[in-house]
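What follows is entry20.csv (CSV, C-alpha atoms).
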```
chain,number,residue,atom,x,y,z
B,1,MET,CA,21.4,-0.2,101.4
B,2,SER,CA,19.2,-2.5,103.5
B,3,GLU,CA,19.8,-6.3,103.6
B,4,THR,CA,16.4,-6.9,101.9
B,5,THR,CA,17.3,-4.6,99.0
B,6,LEU,CA,20.7,-6.4,98.5
B,7,LYS,CA,19.0,-9.8,98.5
B,8,ARG,CA,16.6,-8.5,95.8
B,9,ILE,CA,19.5,-7.3,93.6
B,10,LEU,CA,21.4,-10.5,93.9
B,11,ALA,CA,18.3,-12.5,93.0
B,12,ALA,CA,17.7,-10.4,90.0
B,13,LEU,CA,21.3,-11.0,88.8
B,14,VAL,CA,20.9,-14.8,89.2
B,15,VAL,CA,17.8,-14.6,87.0
B,16,VAL,CA,19.7,-12.6,84.3
B,17,VAL,CA,22.7,-14.9,84.3
B,18,ALA,CA,20.5,-18.0,84.1
B,19,ALA,CA,18.5,-16.5,81.2
B,20,TRP,CA,21.7,-15.6,79.3
B,21,GLY,CA,23.0,-19.1,79.8
B,22,GLY,CA,19.8,-20.6,78.5
B,23,PHE,CA,19.8,-18.4,75.5
B,24,THR,CA,23.4,-19.2,74.7
B,25,LEU,CA,22.7,-23.0,74.9
B,26,VAL,CA,19.6,-22.7,72.7
B,27,SER,CA,21.3,-20.5,70.1
B,28,GLY,CA,24.3,-22.9,70.0
B,29,ARG,CA,22.0,-25.8,69.3
B,30,THR,CA,20.1,-24.0,66.5
B,31,GLY,CA,22.8,-23.0,64.1
B,32,SER,CA,25.6,-20.9,65.5
B,33,ALA,CA,28.1,-23.7,65.1
B,34,ALA,CA,29.6,-24.3,61.6
B,35,PRO,CA,27.8,-27.1,59.7
B,36,SER,CA,29.6,-30.4,59.5
B,37,ALA,CA,31.6,-31.5,56.4
B,38,ASP,CA,30.5,-35.2,57.0
B,39,PRO,CA,28.8,-35.7,53.7
B,40,VAL,CA,32.1,-35.1,51.7
B,41,LEU,CA,34.2,-36.9,54.3
B,42,ASP,CA,31.9,-39.8,54.4
B,43,ALA,CA,31.9,-40.1,50.6
B,44,LEU,CA,35.7,-40.1,50.4
B,45,ALA,CA,36.0,-42.5,53.4
B,46,SER,CA,33.9,-45.1,51.5
B,47,VAL,CA,37.0,-45.8,49.4
B,48,GLU,CA,40.5,-46.4,50.8
B,49,PRO,CA,43.4,-44.6,49.1
B,50,ALA,CA,45.8,-47.5,49.6
B,51,HIS,CA,43.3,-49.9,47.8
B,52,LEU,CA,42.1,-47.7,44.9
B,53,ASP,CA,42.1,-49.4,41.5
B,54,ARG,CA,41.6,-46.3,39.3
B,55,ILE,CA,41.6,-42.6,39.5
B,56,ARG,CA,40.0,-40.6,36.7
B,57,ILE,CA,40.9,-36.9,36.6
B,58,GLU,CA,39.1,-34.5,34.4
B,59,GLY,CA,41.1,-31.3,34.9
B,60,ARG,CA,41.7,-28.0,33.2
B,61,HIS,CA,44.5,-29.3,31.0
B,62,ASP,CA,43.8,-33.0,30.3
B,63,THR,CA,41.6,-35.9,31.1
B,64,VAL,CA,43.7,-38.8,32.3
B,65,GLU,CA,43.1,-42.1,34.0
B,66,LEU,CA,45.5,-43.7,36.5
B,67,ALA,CA,45.2,-47.4,36.9
B,68,ARG,CA,46.8,-49.8,39.3
B,69,SER,CA,48.9,-52.5,37.6
B,70,GLY,CA,50.2,-54.8,40.3
B,71,VAL,CA,52.2,-52.7,42.7
B,72,ALA,CA,52.8,-50.0,40.0
B,73,TRP,CA,50.5,-47.5,38.3
B,74,THR,CA,49.9,-46.5,34.7
B,75,VAL,CA,48.5,-43.3,33.3
B,76,ASP,CA,46.6,-43.6,30.0
B,77,GLY,CA,48.7,-46.8,29.4
B,78,TYR,CA,52.1,-45.2,30.1
B,79,PRO,CA,54.2,-45.9,33.3
B,80,ALA,CA,53.1,-43.4,35.9
B,81,ASP,CA,55.3,-41.3,38.1
B,82,SER,CA,55.2,-43.1,41.5
B,83,ALA,CA,55.8,-39.8,43.3
B,84,ALA,CA,52.8,-38.1,41.6
B,85,VAL,CA,50.6,-41.1,42.5
B,86,LYS,CA,51.8,-41.1,46.1
B,87,ARG,CA,51.0,-37.3,46.4
B,88,ILE,CA,47.4,-38.0,45.3
B,89,LEU,CA,47.0,-40.9,47.8
B,90,ALA,CA,48.5,-38.9,50.6
B,91,ALA,CA,46.1,-36.0,49.8
B,92,LEU,CA,43.1,-38.4,50.0
B,93,ASP,CA,44.2,-39.7,53.4
B,94,LEU,CA,42.1,-37.1,55.2
B,95,SER,CA,42.7,-37.2,59.0
B,96,THR,CA,41.5,-33.6,59.6
B,97,GLY,CA,37.9,-32.6,59.3
B,98,GLY,CA,36.6,-29.4,57.7
B,99,ASP,CA,33.6,-27.1,57.7
B,100,VAL,CA,30.9,-26.2,55.2
B,101,VAL,CA,31.8,-22.7,54.0
B,102,ALA,CA,29.0,-22.1,51.5
B,103,THR,CA,25.6,-23.6,50.6
B,104,ASN,CA,24.4,-21.2,47.9
B,105,PRO,CA,25.2,-22.4,44.3
B,106,ALA,CA,25.9,-18.8,43.5
B,107,ASN,CA,29.3,-19.2,45.3
B,108,HIS,CA,30.4,-22.3,43.3
B,109,ALA,CA,32.1,-20.4,40.6
B,110,ARG,CA,34.0,-18.1,43.0
B,111,LEU,CA,35.3,-21.1,45.0
B,112,GLY,CA,36.2,-23.1,41.8
B,113,VAL,CA,33.7,-25.9,42.4
B,114,ALA,CA,31.3,-25.2,39.6
B,115,ALA,CA,31.0,-28.1,37.1
B,116,ASP,CA,32.9,-26.2,34.4
B,117,SER,CA,35.8,-25.0,36.5
B,118,ALA,CA,36.4,-27.7,39.1
B,119,VAL,CA,38.8,-30.6,38.8
B,120,ARG,CA,36.6,-33.7,38.7
B,121,ALA,CA,38.1,-36.8,40.3
B,122,THR,CA,36.4,-40.2,40.2
B,123,LEU,CA,37.9,-42.7,42.6
B,124,THR,CA,37.2,-46.4,42.1
B,125,GLN,CA,37.8,-49.3,44.4
B,126,GLY,CA,36.3,-52.6,43.2
B,127,ASP,CA,32.7,-51.9,42.5
B,128,ARG,CA,32.5,-48.7,44.5
B,129,SER,CA,33.1,-45.3,42.9
B,130,VAL,CA,33.1,-41.8,44.4
B,131,THR,CA,33.2,-38.5,42.4
B,132,VAL,CA,34.3,-35.3,44.0
B,133,LEU,CA,34.7,-31.8,42.6
B,134,VAL,CA,37.9,-30.1,43.7
B,135,GLY,CA,37.9,-26.3,43.6
B,136,ARG,CA,40.4,-23.6,44.3
B,137,GLN,CA,43.1,-23.8,47.0
B,138,GLY,CA,41.9,-22.5,50.3
B,139,PRO,CA,43.0,-19.3,52.2
B,140,SER,CA,46.2,-21.0,53.3
B,141,TYR,CA,48.6,-23.5,51.7
B,142,GLY,CA,47.5,-27.1,51.7
B,143,MET,CA,43.7,-26.4,51.8
B,144,ALA,CA,41.1,-26.8,49.1
B,145,TYR,CA,37.4,-26.4,48.5
B,146,LEU,CA,35.4,-29.6,47.7
B,147,ARG,CA,31.9,-30.4,46.7
B,148,LEU,CA,29.9,-33.5,45.8
B,149,PRO,CA,28.4,-33.2,42.3
B,150,ASP,CA,24.8,-33.6,43.5
B,151,GLN,CA,25.1,-31.3,46.5
B,152,ASP,CA,25.3,-27.5,46.9
B,153,GLU,CA,27.4,-27.5,50.1
B,154,VAL,CA,31.1,-26.5,49.7
B,155,VAL,CA,33.6,-27.8,52.2
B,156,LEU,CA,37.0,-26.4,53.1
B,157,LEU,CA,39.4,-29.2,53.9
B,158,GLN,CA,43.0,-29.4,54.9
B,159,THR,CA,44.3,-31.3,51.8
B,160,ASP,CA,46.7,-30.9,49.0
B,161,LEU,CA,44.2,-32.5,46.5
B,162,ARG,CA,44.0,-29.5,44.2
B,163,GLY,CA,47.8,-29.4,43.6
B,164,ALA,CA,48.0,-33.2,43.3
B,165,LEU,CA,45.3,-33.5,40.7
B,166,ASP,CA,45.5,-30.3,38.6
B,167,ARG,CA,48.3,-31.4,36.3
B,168,ARG,CA,48.9,-32.3,32.6
B,169,LEU,CA,49.3,-35.9,31.3
B,170,ASP,CA,53.1,-35.5,31.0
B,171,ASP,CA,53.3,-34.5,34.7
B,172,PHE,CA,51.8,-37.9,35.7
B,173,ARG,CA,54.1,-39.9,33.4
B,174,ASP,CA,57.3,-41.5,34.7
B,175,LYS,CA,60.3,-39.5,33.3
B,176,THR,CA,62.9,-42.1,34.2
B,177,ILE,CA,64.7,-43.1,31.0
B,178,VAL,CA,67.1,-45.6,32.6
B,179,ALA,CA,68.0,-46.5,36.2
B,180,VAL,CA,71.2,-48.5,36.7
B,181,ASP,CA,72.9,-49.9,39.8
B,182,THR,CA,76.2,-48.1,39.0
B,183,ALA,CA,78.1,-50.3,41.4
B,184,ARG,CA,77.8,-53.0,38.8
B,185,VAL,CA,79.1,-50.9,35.9
B,186,ARG,CA,82.6,-51.9,34.8
B,187,THR,CA,82.7,-50.5,31.3
B,188,VAL,CA,81.1,-47.6,29.4
B,189,GLU,CA,81.0,-47.4,25.6
B,190,ILE,CA,80.2,-44.2,23.7
B,191,GLU,CA,79.7,-44.5,20.0
B,192,ARG,CA,79.8,-41.1,18.2
B,193,ASP,CA,80.5,-40.3,14.5
B,194,GLY,CA,81.4,-43.8,13.6
B,195,ALA,CA,84.0,-44.1,16.4
B,196,THR,CA,83.7,-45.8,19.8
B,197,VAL,CA,85.3,-44.7,23.1
B,198,ARG,CA,85.6,-47.4,25.7
B,199,VAL,CA,86.3,-46.6,29.4
B,200,SER,CA,86.7,-49.4,31.9
B,201,ARG,CA,87.6,-49.8,35.6
B,202,ALA,CA,89.2,-52.6,37.6
B,203,ASP,CA,88.7,-51.1,41.0
B,204,SER,CA,87.9,-47.4,41.4
B,205,THR,CA,90.2,-46.0,38.6
B,206,TRP,CA,88.8,-45.5,35.1
B,207,THR,CA,91.0,-45.9,32.1
B,208,LEU,CA,90.6,-45.4,28.3
B,209,GLU,CA,91.3,-48.3,26.0
B,210,SER,CA,94.7,-46.7,25.3
B,211,GLY,CA,95.6,-47.2,29.0
B,212,ALA,CA,95.4,-43.4,29.7
B,213,PRO,CA,93.5,-42.4,32.9
B,214,ALA,CA,90.0,-41.1,32.3
B,215,ASP,CA,88.7,-37.8,33.9
B,216,SER,CA,87.4,-39.0,37.3
B,217,LEU,CA,85.0,-36.0,37.6
B,218,ARG,CA,83.5,-36.8,34.1
B,219,MET,CA,83.1,-40.4,35.1
B,220,ARG,CA,81.4,-39.5,38.4
B,221,ASP,CA,78.9,-37.3,36.5
B,222,LEU,CA,78.3,-40.0,33.9
B,223,LEU,CA,77.5,-42.6,36.6
B,224,ARG,CA,75.2,-40.2,38.4
B,225,GLU,CA,73.2,-39.8,35.2
B,226,PHE,CA,73.2,-43.5,34.6
B,227,SER,CA,71.9,-44.1,38.2
B,228,ARG,CA,68.7,-42.3,37.1
B,229,PHE,CA,68.7,-40.6,33.7
B,230,LEU,CA,65.6,-38.3,33.8
B,231,ALA,CA,63.7,-36.6,31.1
B,232,THR,CA,62.0,-33.2,31.3
B,233,GLY,CA,59.2,-34.2,28.8
B,234,PHE,CA,58.1,-36.3,25.9
B,235,ALA,CA,57.9,-36.0,22.1
B,236,GLU,CA,55.9,-37.9,19.5
B,237,ALA,CA,59.1,-38.6,17.5
B,238,VAL,CA,62.7,-37.5,17.0
B,239,PRO,CA,62.6,-34.5,14.7
B,240,ASP,CA,63.5,-35.3,11.1
B,241,THR,CA,66.1,-32.5,11.2
B,242,VAL,CA,68.2,-34.3,13.7
B,243,ASP,CA,71.3,-35.6,12.0
B,244,ARG,CA,73.5,-36.6,14.9
B,245,SER,CA,73.1,-39.4,17.4
B,246,VAL,CA,75.2,-40.8,20.1
B,247,LEU,CA,74.9,-44.3,21.7
B,248,VAL,CA,75.9,-44.9,25.3
B,249,ARG,CA,76.1,-48.4,26.7
B,250,ALA,CA,76.9,-49.6,30.3
B,251,LEU,CA,78.3,-53.1,30.8
B,252,ASP,CA,78.9,-55.2,33.9
B,253,ALA,CA,82.0,-57.2,34.8
B,254,GLU,CA,80.9,-60.2,32.6
B,255,GLY,CA,80.4,-57.9,29.6
B,256,ASP,CA,76.6,-58.1,29.8
B,257,THR,CA,74.6,-54.9,28.9
B,258,LEU,CA,73.0,-53.1,31.8
B,259,ALA,CA,71.6,-50.2,29.8
B,260,VAL,CA,71.6,-48.6,26.4
B,261,VAL,CA,70.6,-45.1,25.5
B,262,TRP,CA,70.5,-43.2,22.2
B,263,ILE,CA,71.0,-39.4,22.4
B,264,HIS,CA,69.8,-37.5,19.4
B,265,GLY,CA,70.6,-33.9,18.5
B,266,SER,CA,73.2,-31.4,19.5
B,267,GLU,CA,71.2,-28.4,20.7
B,268,SER,CA,70.1,-27.3,24.2
B,269,THR,CA,67.1,-29.6,23.9
B,270,ARG,CA,67.8,-33.2,22.8
B,271,TRP,CA,65.9,-36.5,22.5
B,272,ALA,CA,66.6,-39.8,24.1
B,273,THR,CA,65.4,-43.3,23.1
B,274,VAL,CA,65.9,-46.7,24.6
B,275,PRO,CA,66.1,-49.8,22.3
B,276,GLY,CA,62.9,-51.9,22.5
B,277,THR,CA,60.6,-49.0,23.5
B,278,GLU,CA,58.8,-46.4,21.4
B,279,THR,CA,58.9,-43.6,24.0
B,280,VAL,CA,60.8,-40.5,22.9
B,281,PHE,CA,62.1,-38.5,25.9
B,282,GLN,CA,63.1,-34.8,25.9
B,283,VAL,CA,66.3,-34.1,27.8
B,284,PRO,CA,68.3,-30.9,28.4
B,285,GLY,CA,71.6,-30.7,26.6
B,286,TRP,CA,73.7,-30.4,29.7
B,287,ARG,CA,72.3,-33.7,31.0
B,288,ALA,CA,72.9,-35.4,27.7
B,289,ASP,CA,76.5,-34.2,27.8
B,290,ARG,CA,77.1,-35.6,31.2
B,291,LEU,CA,75.9,-39.0,30.1
B,292,ALA,CA,77.8,-38.9,26.8
B,293,PRO,CA,80.9,-36.6,27.1
B,294,ALA,CA,83.1,-36.1,24.1
B,295,ARG,CA,86.3,-38.1,23.8
B,296,GLU,CA,88.5,-35.1,24.7
```
Mind converting the file's structure to structure tokens?
Amino acid sequence: MSETTLKRILAALVVVVAAWGGFTLVSGRTGSAAPSADPVLDALASVEPAHLDRIRIEGRHDTVELARSGVAWTVDGYPADSAAVKRILAALDLSTGGDVVATNPANHARLGVAADSAVRATLTQGDRSVTVLVGRQGPSYGMAYLRLPDQDEVVLLQTDLRGALDRRLDDFRDKTIVAVDTARVRTVEIERDGATVRVSRADSTWTLESGAPADSLRMRDLLREFSRFLATGFAEAVPDTVDRSVLVRALDAEGDTLAVVWIHGSESTRWATVPGTETVFQVPGWRADRLAPARE
């Protein structure tokens, strides 16, 4: 091969490479890259999770409204579960961008962002409100499809928003019946069937009113329940068929009442009430027995 022929071949290769590079550059600028999710992100960024005043959730199960009350939150007027609220706020703190995965309305139902299948969340901060439709969870854990109500674009984001929002009213309510600083408890009284059992401690040893030592394991379990006595759900009222109730009272060293709980029923599911409130809590029988063990 002559030197002239070689130079011609090399020149042709340079032209081909340059043409391919130009085509790649042009095609990249005209649509090969995924569309940006900025519209959804911009909308959510217009309100700050830490400063939201209200969160209205229209879900598959219930429509609820979370409202800030000082440093705490309520849900439909009930005390809200702080962990449930924190989960929503954390899911709204979007630090990772996403991509538009669909623009055709025909895909809305499949992705769960159609108006009749999405979880609709309205976020309010002062006089600003943002509404977003939250669809199905994405292809991997902690992802969800989102859409703005007036737009067709569906965005896939790294967020736990679907799991945080798609819950029933009772899941957002605070299930804490009582929470006591058990280090202050010096006496526990249990009233059952017209009789009262009184257990007290001077230091770390618990004794019955007769002077006999109390079961230390039972008292440990009792105090654990008093530290945070939790319900599993709620009821409109204590059933009329319940004919047995137990009162448990915790007192401090001065004899002042720290907490009082009524336990109603004797089956696997029982009901708890606290004087001065109208809430009726559902509690499992084993938890009720730990808080109010029998005298023996």
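Minimum atom-to-atom distances from B:Thr74, B:Ser204, B:Ser210, B:Thr273 to B:Val238 were compared using all atoms listed in the file, and the lowest value belongs to B:Thr273.
The gap separating atom CA of B:Glu58 from atom CA of B:Gly77 is 16.4 Å, in Å to one decimal.
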request  = Just the residues within 12 Å of B:Glu296, please, counting only C-alpha atoms, with nothing from its chain fewer than 5 positions along; format it as an MDAnalysis selection string.
outcome  = chainID B and resid 197 208 212 214:215 218
- Query: Smallest atom-to-atom distance to B:Glu153: which of B:Val185, B:Asn104, B:Ala195, B:Arg173, using all atoms listed in the file?
  - Reply: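 Among the listed residues, the smallest separation from B:Glu153 belongs to B:Asn104.
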* To do: For each of B:Glu191, B:Asp116, B:Asp99, B:Asp166, take the minimum atom-to-atom distance to B:Thr63, counting only C-alpha atoms, then give the residue where this is smallest.
  =>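 Ranked by minimum distance to B:Thr63, first place goes to B:Asp166.
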Shortest interatomic distance to B:Val274 - which of B:Ala292, B:Val248, B:Ala114, B:Ala144, counting all atoms listed in the file
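Between B:Ala292, B:Val248, B:Ala114, B:Ala144, the residue approaching B:Val274 most closely is B:Val248.
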B:Arg54: which residues within 7 Å, counting all atoms listed in the file, same-chain residues fewer than 3 positions away excluded, as a short mmCIF file (atom, residue, chain, number, x, y, z; two decimals) with C-alpha atoms, keeping the file's coordinate frame?
```cif
data_model
loop_
_atom_site.label_atom_id
_atom_site.label_comp_id
_atom_site.auth_asym_id
_atom_site.auth_seq_id
_atom_site.Cartn_x
_atom_site.Cartn_y
_atom_site.Cartn_z
CA GLU B 65 43.10 -42.10 34.00
CA LEU B 66 45.50 -43.70 36.50
CA ALA B 67 45.20 -47.40 36.90
CA ARG B 68 46.80 -49.80 39.30
CA LEU B 123 37.90 -42.70 42.60
CA THR B 124 37.20 -46.40 42.10
#
```
For B:Gly163, the closest of B:Val113, B:Ala259, B:Ala91, B:Ala202 counting all atoms listed in the file is B:Ala91
Exercise. Could you check which of B:His264, B:Ala288, B:Ser227, B:Pro293 is closest to B:Asp240, using only C-alpha atoms?
Key: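 Nearest candidate to B:Asp240 out of B:His264, B:Ala288, B:Ser227, B:Pro293: B:His264.
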Q. Hey, can you check how far atom CA of B:Thr176 sits from atom CA of B:Leu230?
A.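 Going from atom CA of B:Thr176 over to atom CA of B:Leu230 covers 4.7 Å.
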ask   = If you count all atoms listed in the file, which residues fall within 6 Å of B:Gly135, apart from same-chain ones fewer than 2 positions away, as a PyMOL selection string?
value = chain B and resi 111-113+118+145-146
- request: One decimal, Å: what's the distance from atom CA of B:Gly265 over to atom CA of B:Ala235, could you say?
  value: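 Between atom CA of B:Gly265 and atom CA of B:Ala235 the gap works out to 13.4 Å.
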Exercise for the section: Tell me, as a list in words, which residues lie within 10 Å of B:Arg168, counting only C-alpha atoms; anything in the same chain fewer than 3 positions away does not count. Expected result: Gly59, Arg60, His61, Asp62, Thr63, Val64, Leu165, Asp171, Phe172 and Arg173 of chain B
